[in-house]
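Engineer: Provided herewith is a single structure, encoded as structure tokens, for subsequent inquiry.
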Amino acid sequence: MRIKPREQLLDMWQALARHSFDGGVWSWGEDGERSSVADAERLLCLLYPATEVPAFRLDDPDTTQPDVKRALSPVGDPTDIPFRLVEVLDQFMRRHRRGASPAFGGGHLFAPVSPGQEITAEQREVDVVDSFSMSVSLCLATLGFLKTYRGRTGRQTALQLIERLEDETSTRLTAALVGLLRSFAVQAVDVSSRQGQSLVRLLGRGRHSDRQVVERFQRRFKSLRALITESVALGLDTGLRDELRNENRLFECGWAWSVVQGAPEVLVQPESAHLTVAQSPGIARSVPSLHFTVVALDGIIDLLSDRTLVLGLLNPEQQTLAEALRLRWEITQQYWSAIARFDEDAWPLEDIPWQTTTPQQESEYHSLTVVSVLVHDMMRRRTTDQDLERLASVMERLAERGRITGGTLREDPAIGLHSPGVTVPLPGSESLGPPMTWVMSDFSTQLLKRTVQLCSLSRNPASEERLLHLAERVLDHVWGRRIRDGEGIGLWDDVDAVHPGAPPSGRKPSWSVTERVAECMVAAHLLYTQPPVRSRELTAPAREAISEAAHLLGREQEDHPAPAPRTAQAQWIRGVEADLRRARALVDAQPGTALALALDVLARLDGLARARSADREG
């Protein structure tokens with residue numbers, strides 16, 4: 001199916017409104033399934049498109065478009081919709097608190113390593129990086145939404161609620177930024193250790209000896225190692241700094257699953273009274289996780305976006321925190337981008353599946369997370385067509401190995417990527433009870449999003465077409481997984497619909513997958529808003545056709561008297577001249593369109609010439 005973000009987002013909104021609003025009142029569902037992550041994801045299904053896609057704006061009732069009104073009719077009329085959203089957002093802020101401070105617990109999304117064990121209530125309340133990141137995106141979208149809606153409503157109750165919600169949202173944003181800072185992890189790895197040997201094998205791939213890999217690692221990461229060890233802003237303890245300075249040690253960096261053990265409290269300005277969020281001791285071991293690293297990077301990208309800057313959504317303390325996160329973002333991007341392409345002749349990323357070092361797991365999902373980092377890096381740096389082609393090949397292979405574009409056998413192990421998903425241990429969680437895990441089931445939507453983003457980077461028509469074709473095939477798979485009956489009808493995720501034999505979903509919506517679909521559609525909208533890829537091969541023939549058309553039009557005007565104004569012939573000549581001017585204006589940006597216009601002008605001029613010839617012969 002073709003990617004039609006407007007139509008597909010409206011379908012999602014209609015299903016979301018039908019599911020979540022009962023008589024205009026939001027229903028959170030069962031308390032036993034409470035999670036700050038899932039609740040934020042559900043709200044972002046509405047708020048993210050509403051703040052990123054102009055046609056879906058909800059903050060100004062006068063500009064709400066007719067198809068949006070119809071999709072959200074269960075919520076109310078255009079003046080009710082933003083007010084209802086403000087009420088729901090206020091409920092979210094109050095629903096996820098621990099005392100007076102914001103809470104970021106994983107809730108029911110945490111799972112025990114052993115199915116027979118029960119996770120303690122204390123463990124379910126542990127903050128998780130997914131919640132920090134989702135809260136950053138949600139809070140920024142909320143602050144931008146409120147900024148406009150405040151000036152578009154005269155309701156006194158709405159204005160009072162907006163004022164309170166702005167304070168609560170700003171506090172939660174600050175707490176989320178602090179949480180991300182305290183969850184950043186750097187791990188020094190001895191080459192002879194199990195983790196070190198795993199990293200050496202990943203980078204060497206049997207083509208280089210351990211010594212060669214270590215020497216190349218030292219050269220490649222010398223400046224980055226110095227940046228990490230010398231930067232006071234990272235807050236690393238003295239022992240870790242000394243370990244990192246030892247060039248016989250390798251290292252990894254990124255985000256752990258939660259606040260790391262021994263993470264110092266974040267102080268912005270000691271004399272400031274604005275930073276009042278509670279900072280609980282960390283329990284996660286200082287081990288970077290690929291999944292949580294990519295999740296954190298996604299949230300930080302929203303934090304550093306032009307929209308955040310233009311709207312002035314951050315207060316001075318948050319700007320300081322954002323700069324500290326920018327440093328970690330830059331370090332992490334550089335590290336994993338270099339790891340993915342460690343050997344120019346044969347990227348480690350091209351050896352699927354990717355194997356993590358701590359814990360040692362290999363999965364196509366981990367390959368996709370590394371792809372995500374690389375796509376982020378390519379979106380902010382100039383890249384080559386060759387790199388795009390190589391990454392496109394990796395994504396095509398991931399789609400095939402994930403049984404998205406290939407046939408599926410019953411009881412195919414690849415189905416496990418989608419249901420129940422890929423399980424990642426949470427080291428350190430055992431200090432509060434049974435060891436916990438985190439399950440990711442968004443392989444297909446992550447692949448779709450990264451394919452669309454990569455498509456927007458391509459400046460080569462053939463590469464763009466190749467990636468767009470892949471994106472459409474992945475969308476076929478994703479759209480086939482919509483729930484067809486039960487309470488979640490029209491939402492995601494029913495894996496059994498495309499992979500018979502997959503574990504039953506229970507027909508309850510997965511807000512993780514549904515929110516990722518919304519992100520995919522926003523990415524597709526951004527793809528369509530940028531100029532089309534210019535074909536260099538069409539530029540020369542377009543210019544030649546324009547030149548020939550201009551010459552023939554000039555001859556026609558020289559050989560025959562000018563027609564009287566306001567006659568059909570005069571209008572015909574003006575139309576030809578207008579199309580020719582349009583073709584000249586577009587020849588650099590849209591040579592295909594310019595060529596089509598020039599060819600149409602040539603056809604009309606030739607028709608006129610044939611008509612004159614027929615008159616003379618007659």
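Quick note on naming: the chains in the structure tokens go A, B, ... in the order shown, residues restart at 1 in each chain, and ligands are numbered from 1 in order of appearance.
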Hey, what's within 12 Å of Val295 of chain A if we count only C-alpha atoms and toss same-chain stuff fewer than 5 positions away? As a PyMOL selection string, please?
Structural biologist: chain A and resi 37+128-137+180+254-258+289-290+300-302+329+369-370+372-373+376+440+446+512+516
Engineer: Mind dumping the selected residues with N, CA and C atoms as a short mmCIF file (atom, residue, chain, number, x, y, z; two decimals), in the first residue's frame?
Structural biologist:
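And here is the file that came out, selection_6.cif:
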```cif
data_model
loop_
_atom_site.label_atom_id
_atom_site.label_comp_id
_atom_site.auth_asym_id
_atom_site.auth_seq_id
_atom_site.Cartn_x
_atom_site.Cartn_y
_atom_site.Cartn_z
N VAL A 37 5.00 4.84 30.97
CA VAL A 37 5.44 4.70 29.58
C VAL A 37 4.24 4.54 28.66
N VAL A 128 12.30 4.27 34.54
CA VAL A 128 12.90 3.61 33.38
C VAL A 128 13.16 4.66 32.29
N VAL A 129 14.24 4.46 31.53
CA VAL A 129 14.66 5.44 30.53
C VAL A 129 13.58 5.66 29.47
N ASP A 130 12.82 4.61 29.12
CA ASP A 130 11.72 4.79 28.16
C ASP A 130 10.76 5.88 28.63
N SER A 131 10.48 5.90 29.94
CA SER A 131 9.56 6.90 30.47
C SER A 131 10.19 8.28 30.47
N PHE A 132 11.49 8.38 30.81
CA PHE A 132 12.16 9.68 30.75
C PHE A 132 12.06 10.25 29.32
N SER A 133 12.39 9.42 28.34
CA SER A 133 12.42 9.89 26.95
C SER A 133 11.03 10.25 26.44
N MET A 134 10.06 9.37 26.70
CA MET A 134 8.69 9.65 26.26
C MET A 134 8.15 10.91 26.94
N SER A 135 8.53 11.11 28.20
CA SER A 135 8.06 12.30 28.91
C SER A 135 8.67 13.58 28.33
N VAL A 136 9.93 13.50 27.88
CA VAL A 136 10.53 14.67 27.22
C VAL A 136 9.71 15.05 26.00
N SER A 137 9.41 14.06 25.14
CA SER A 137 8.63 14.33 23.92
C SER A 137 7.23 14.82 24.27
N LEU A 180 17.47 11.39 32.59
CA LEU A 180 18.30 10.99 31.45
C LEU A 180 19.78 11.24 31.73
N GLY A 254 26.62 5.02 26.46
CA GLY A 254 25.21 5.10 26.06
C GLY A 254 24.34 5.21 27.30
N TRP A 255 23.14 4.71 27.21
CA TRP A 255 22.21 4.81 28.34
C TRP A 255 21.92 3.43 28.93
N ALA A 256 21.94 3.37 30.26
CA ALA A 256 21.48 2.18 30.97
C ALA A 256 19.95 2.20 30.97
N TRP A 257 19.33 1.21 31.58
CA TRP A 257 17.87 1.12 31.55
C TRP A 257 17.20 2.05 32.57
N SER A 258 17.97 2.50 33.57
CA SER A 258 17.43 3.38 34.60
C SER A 258 18.59 4.21 35.16
N SER A 289 22.94 0.07 27.24
CA SER A 289 22.04 -0.85 26.53
C SER A 289 21.68 -0.21 25.19
N LEU A 290 21.79 -0.98 24.12
CA LEU A 290 21.48 -0.44 22.78
C LEU A 290 20.05 0.07 22.70
N ILE A 300 16.01 13.08 23.03
CA ILE A 300 16.92 14.23 23.03
C ILE A 300 16.84 14.97 21.70
N ILE A 301 16.57 14.27 20.61
CA ILE A 301 16.41 14.94 19.31
C ILE A 301 15.24 15.93 19.37
N ASP A 302 14.13 15.53 20.01
CA ASP A 302 13.01 16.47 20.18
C ASP A 302 13.44 17.66 21.03
N TRP A 329 24.75 13.16 23.95
CA TRP A 329 24.16 12.78 22.66
C TRP A 329 25.24 12.73 21.58
N THR A 369 18.61 -1.51 16.03
CA THR A 369 18.90 -0.37 16.92
C THR A 369 20.18 0.34 16.49
N VAL A 370 21.17 -0.43 16.01
CA VAL A 370 22.39 0.20 15.52
C VAL A 370 22.09 0.98 14.24
N SER A 372 19.37 2.48 13.67
CA SER A 372 18.70 3.70 14.14
C SER A 372 19.71 4.79 14.50
N VAL A 373 20.78 4.40 15.20
CA VAL A 373 21.82 5.37 15.55
C VAL A 373 22.47 5.93 14.29
N HIS A 376 20.22 8.42 12.58
CA HIS A 376 20.30 9.69 13.31
C HIS A 376 21.55 10.46 12.90
N MET A 440 10.70 -5.78 23.93
CA MET A 440 10.48 -4.87 22.80
C MET A 440 9.82 -5.64 21.66
N GLN A 446 9.72 0.15 13.97
CA GLN A 446 11.04 0.80 13.97
C GLN A 446 11.68 0.72 12.59
N SER A 512 2.81 0.98 22.65
CA SER A 512 4.16 1.12 22.12
C SER A 512 4.15 1.03 20.60
N ARG A 516 4.44 4.14 17.76
CA ARG A 516 5.49 4.10 16.73
C ARG A 516 4.89 4.27 15.34
#
```
Engineer: As a VMD selection string, list the residues of segment 356-567 of chain A assigned to strand (DSSP E) by DSSP on the backbone atoms of this structure.
Structural biologist: chain A and resid 362 to 363 422 to 425 436 to 440
Engineer: Export C-alpha atoms of the chosen residues as a JSON list (two decimals), in the first residue's frame?
Structural biologist:
```json
[["chain", "number", "residue", "atom", "x", "y", "z"],
["A", 362, "GLU", "CA", 22.39, -11.60, 19.22],
["A", 363, "SER", "CA", 19.26, -10.52, 17.40],
["A", 422, "VAL", "CA", 12.92, -9.39, 22.15],
["A", 423, "THR", "CA", 13.69, -9.58, 25.87],
["A", 424, "VAL", "CA", 16.47, -7.53, 27.45],
["A", 425, "PRO", "CA", 17.63, -8.16, 31.05],
["A", 436, "MET", "CA", 13.45, -8.09, 35.71],
["A", 437, "THR", "CA", 13.39, -7.83, 31.93],
["A", 438, "TRP", "CA", 12.06, -5.41, 29.32],
["A", 439, "VAL", "CA", 10.33, -6.67, 26.17],
["A", 440, "MET", "CA", 10.48, -4.87, 22.80]]
```
Engineer: Ranking A:Ser114, A:Thr142, A:Thr593, A:Thr320 by minimum distance to Leu47 of chain A and counting only C-alpha atoms, which one comes first?
Structural biologist: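 Counting only C-alpha atoms, the residue closest to Leu47 of chain A is A:Thr142.
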Engineer: Do you have, as a tab-separated table, the list of residues of segment 15-41 of chain A lying at most 12 Å from segment 494-508 of chain A, each with its nearest atom pair and that distance in Å to one decimal, counting only C-alpha atoms and ordered by chain then number?
Structural biologist:
```
residue	atom	partner	partner_atom	distance
A:His19	CA	A:Lys508	CA	10.4
A:Gly29	CA	A:Lys508	CA	10.6
A:Glu30	CA	A:Lys508	CA	11.6
A:Glu33	CA	A:Lys508	CA	11.2
```
Engineer: Atoms to include: C-alpha atoms. Write the selected residues as a PDB file, in the first residue's frame.
Structural biologist:
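Result file follows (part.pdb):
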```pdb
ATOM      1  CA  HIS A  19     -11.374   3.375  22.176  1.00  0.00           C
ATOM      2  CA  GLY A  29      -8.225   1.410  31.582  1.00  0.00           C
ATOM      3  CA  GLU A  30      -7.479  -1.006  34.395  1.00  0.00           C
ATOM      4  CA  GLU A  33      -1.952  -2.072  33.798  1.00  0.00           C
TER       5      GLU A  33
END
```
Engineer: Set the distance at 10 Å and use only C-alpha atoms: which residues neighbour Arg341 of chain A once local chain neighbours fewer than 6 positions away are removed? I'd like the list as a list in words.
Structural biologist: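 Residues near the query, excluding close chain neighbours: Leu203, Trp347, Pro348, Leu349, Glu350, Leu374 and Asp387 of chain A.
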Engineer: Next, the residues of the selection above should be written as a CSV table (one decimal), in the first residue's frame with N, CA and C atoms.
Structural biologist:
```
chain,number,residue,atom,x,y,z
A,203,LEU,N,34.1,-6.5,16.2
A,203,LEU,CA,34.8,-5.5,15.4
A,203,LEU,C,35.8,-6.2,14.4
A,347,TRP,N,31.5,-3.4,7.1
A,347,TRP,CA,30.9,-2.9,8.3
A,347,TRP,C,30.5,-4.0,9.3
A,348,PRO,N,30.8,-3.9,10.5
A,348,PRO,CA,30.2,-4.8,11.5
A,348,PRO,C,28.7,-4.9,11.4
A,349,LEU,N,28.1,-3.7,11.1
A,349,LEU,CA,26.6,-3.7,11.0
A,349,LEU,C,26.1,-4.6,9.9
A,350,GLU,N,26.9,-4.9,8.9
A,350,GLU,CA,26.4,-5.7,7.8
A,350,GLU,C,26.5,-7.2,8.2
A,374,LEU,N,22.7,5.0,13.3
A,374,LEU,CA,23.4,5.5,12.1
A,374,LEU,C,22.5,6.4,11.3
A,387,ASP,N,27.1,5.0,1.1
A,387,ASP,CA,26.7,4.7,2.5
A,387,ASP,C,25.2,4.4,2.6
```
Engineer: Quick one: distance from atom CA of Ala549 of chain A to atom CA of Ala598 of chain A in Å, one decimal?
Structural biologist: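 If I compute the distance from atom CA of Ala549 of chain A to atom CA of Ala598 of chain A, I get 6.5 Å.
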Engineer: Do you know which residues are at most 12 Å from Gly490 of chain A counting only C-alpha atoms, after dropping those on the same chain fewer than 4 positions away, and could you put them as a ChimeraX atom specification?
Structural biologist: /A:8-19,479-486,494,507-510,514
Engineer: Mind checking which residues fall within 10 Å of Leu314 of chain A, counting only C-alpha atoms, ignoring those fewer than 3 positions away in the same chain, and posting them as JSON, numbers by chain?
Structural biologist: {"A": [140, 143, 170, 173, 174, 303, 308, 309, 311, 317, 318, 319, 320, 321, 322]}
Engineer: Given the selection you just returned, output its residues as a file containing N, CA and C atoms, formatted as a PDB file, in the first residue's frame.
Structural biologist:
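What landed in out_28.pdb:
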```pdb
ATOM      1  N   LEU A 140       7.324  18.483  25.853  1.00  0.00           N
ATOM      2  CA  LEU A 140       7.599  19.513  24.841  1.00  0.00           C
ATOM      3  C   LEU A 140       6.387  19.730  23.953  1.00  0.00           C
ATOM      4  N   LEU A 143       3.772  21.668  26.095  1.00  0.00           N
ATOM      5  CA  LEU A 143       4.096  23.093  26.290  1.00  0.00           C
ATOM      6  C   LEU A 143       3.845  23.892  25.019  1.00  0.00           C
ATOM      7  N   SER A 170       6.275  21.530  33.119  1.00  0.00           N
ATOM      8  CA  SER A 170       7.655  22.010  33.197  1.00  0.00           C
ATOM      9  C   SER A 170       8.432  21.251  34.269  1.00  0.00           C
ATOM     10  N   LEU A 173       9.169  17.830  32.910  1.00  0.00           N
ATOM     11  CA  LEU A 173      10.232  17.916  31.898  1.00  0.00           C
ATOM     12  C   LEU A 173      11.603  18.001  32.574  1.00  0.00           C
ATOM     13  N   THR A 174      11.705  18.854  33.592  1.00  0.00           N
ATOM     14  CA  THR A 174      12.970  18.972  34.319  1.00  0.00           C
ATOM     15  C   THR A 174      13.377  17.641  34.933  1.00  0.00           C
ATOM     16  N   LEU A 303      14.251  17.397  22.033  1.00  0.00           N
ATOM     17  CA  LEU A 303      14.724  18.457  22.937  1.00  0.00           C
ATOM     18  C   LEU A 303      15.575  19.486  22.189  1.00  0.00           C
ATOM     19  N   THR A 308      11.608  23.423  19.375  1.00  0.00           N
ATOM     20  CA  THR A 308      11.814  23.722  20.798  1.00  0.00           C
ATOM     21  C   THR A 308      12.496  25.063  20.970  1.00  0.00           C
ATOM     22  N   LEU A 309      13.458  25.350  20.117  1.00  0.00           N
ATOM     23  CA  LEU A 309      14.199  26.611  20.196  1.00  0.00           C
ATOM     24  C   LEU A 309      13.322  27.791  19.799  1.00  0.00           C
ATOM     25  N   LEU A 311      10.028  28.129  19.686  1.00  0.00           N
ATOM     26  CA  LEU A 311       8.910  28.399  20.593  1.00  0.00           C
ATOM     27  C   LEU A 311       9.373  28.786  21.999  1.00  0.00           C
ATOM     28  N   GLU A 317      17.046  26.737  33.575  1.00  0.00           N
ATOM     29  CA  GLU A 317      17.574  25.504  34.137  1.00  0.00           C
ATOM     30  C   GLU A 317      17.507  24.365  33.128  1.00  0.00           C
ATOM     31  N   GLN A 318      16.388  24.276  32.399  1.00  0.00           N
ATOM     32  CA  GLN A 318      16.236  23.209  31.403  1.00  0.00           C
ATOM     33  C   GLN A 318      17.207  23.386  30.236  1.00  0.00           C
ATOM     34  N   GLN A 319      17.505  24.628  29.876  1.00  0.00           N
ATOM     35  CA  GLN A 319      18.493  24.863  28.822  1.00  0.00           C
ATOM     36  C   GLN A 319      19.870  24.345  29.246  1.00  0.00           C
ATOM     37  N   THR A 320      20.214  24.528  30.517  1.00  0.00           N
ATOM     38  CA  THR A 320      21.486  24.008  31.024  1.00  0.00           C
ATOM     39  C   THR A 320      21.505  22.482  30.975  1.00  0.00           C
ATOM     40  N   LEU A 321      20.403  21.862  31.394  1.00  0.00           N
ATOM     41  CA  LEU A 321      20.301  20.406  31.341  1.00  0.00           C
ATOM     42  C   LEU A 321      20.366  19.912  29.900  1.00  0.00           C
ATOM     43  N   ALA A 322      19.713  20.647  28.991  1.00  0.00           N
ATOM     44  CA  ALA A 322      19.710  20.257  27.585  1.00  0.00           C
ATOM     45  C   ALA A 322      21.117  20.288  26.996  1.00  0.00           C
TER      46      ALA A 322
END
```
Engineer: Residues of segment 378-510 of chain A classed as helix (DSSP H, G or I) by DSSP on the backbone are to be reported as a ChimeraX atom specification.
Structural biologist: /A:378-380,385-401,413-417,429-431,443-457,461-479,495-497
Engineer: Would you compute the distance between atom CA of Glu252 of chain A and atom CA of Ala338 of chain A? Give it in Å to one decimal.
Structural biologist: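 That distance, rounded to one decimal, is 11.7 Å.
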Engineer: Write out as a ChimeraX atom specification the residues lying within 12 Å of Val517 of chain A, counting only C-alpha atoms and excluding same-chain residues fewer than 6 positions away.
Structural biologist: /A:3,5,8-9,11-13,41-42,44-46,48-49,442-450,452,474-475,477-479,481-482,491-493,510-511,523-524
Engineer: Could you list, as number ranges by chain, every residue within 9 Å of segment 52-55 of chain A, counting only C-alpha atoms and ignoring same-chain residues fewer than 3 positions away?
Structural biologist: A: 6, 47-49, 63-65, 68, 141, 522, 525-526
Engineer: Write the residues of the selection above to a file with N, CA, C and O atoms, as a compact mmCIF listing (two decimals), in the first residue's frame.
Structural biologist:
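In the end it all went to out-v8.txt:
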```txt
# COMPACT_ATOMS: atom_id res chain seq x y z
N ARG A 6 -1.67 11.35 5.85
CA ARG A 6 -2.87 12.05 6.33
C ARG A 6 -4.01 11.07 6.53
O ARG A 6 -4.64 11.03 7.60
N LEU A 47 -1.03 13.77 20.48
CA LEU A 47 -0.37 15.07 20.59
C LEU A 47 0.81 15.22 19.64
O LEU A 47 1.09 16.33 19.17
N TYR A 48 1.51 14.12 19.35
CA TYR A 48 2.68 14.24 18.47
C TYR A 48 2.29 14.68 17.06
O TYR A 48 2.82 15.66 16.54
N PRO A 49 1.34 14.01 16.40
CA PRO A 49 0.90 14.51 15.08
C PRO A 49 0.28 15.90 15.16
O PRO A 49 0.46 16.72 14.25
N THR A 63 -9.08 26.70 13.17
CA THR A 63 -8.34 26.13 12.04
C THR A 63 -8.44 24.60 11.96
O THR A 63 -7.81 23.99 11.11
N THR A 64 -9.25 23.99 12.85
CA THR A 64 -9.41 22.53 12.81
C THR A 64 -10.06 22.12 11.50
O THR A 64 -11.13 22.63 11.14
N GLN A 65 -9.45 21.21 10.79
CA GLN A 65 -9.92 20.86 9.45
C GLN A 65 -11.06 19.85 9.51
O GLN A 65 -11.19 19.07 10.47
N VAL A 68 -10.40 16.17 10.27
CA VAL A 68 -9.96 15.99 11.66
C VAL A 68 -11.17 16.04 12.60
O VAL A 68 -11.27 15.26 13.55
N ALA A 141 5.73 18.63 23.55
CA ALA A 141 4.52 18.77 22.73
C ALA A 141 3.43 19.48 23.51
O ALA A 141 2.71 20.34 22.97
N VAL A 522 4.25 10.64 10.84
CA VAL A 522 4.81 11.99 10.92
C VAL A 522 6.09 12.07 10.09
O VAL A 522 6.32 13.04 9.36
N HIS A 525 5.08 12.30 6.54
CA HIS A 525 4.63 13.67 6.24
C HIS A 525 5.82 14.58 5.96
O HIS A 525 5.82 15.35 4.99
N LEU A 526 6.85 14.49 6.80
CA LEU A 526 8.04 15.31 6.60
C LEU A 526 8.74 14.96 5.29
O LEU A 526 9.30 15.83 4.62
```
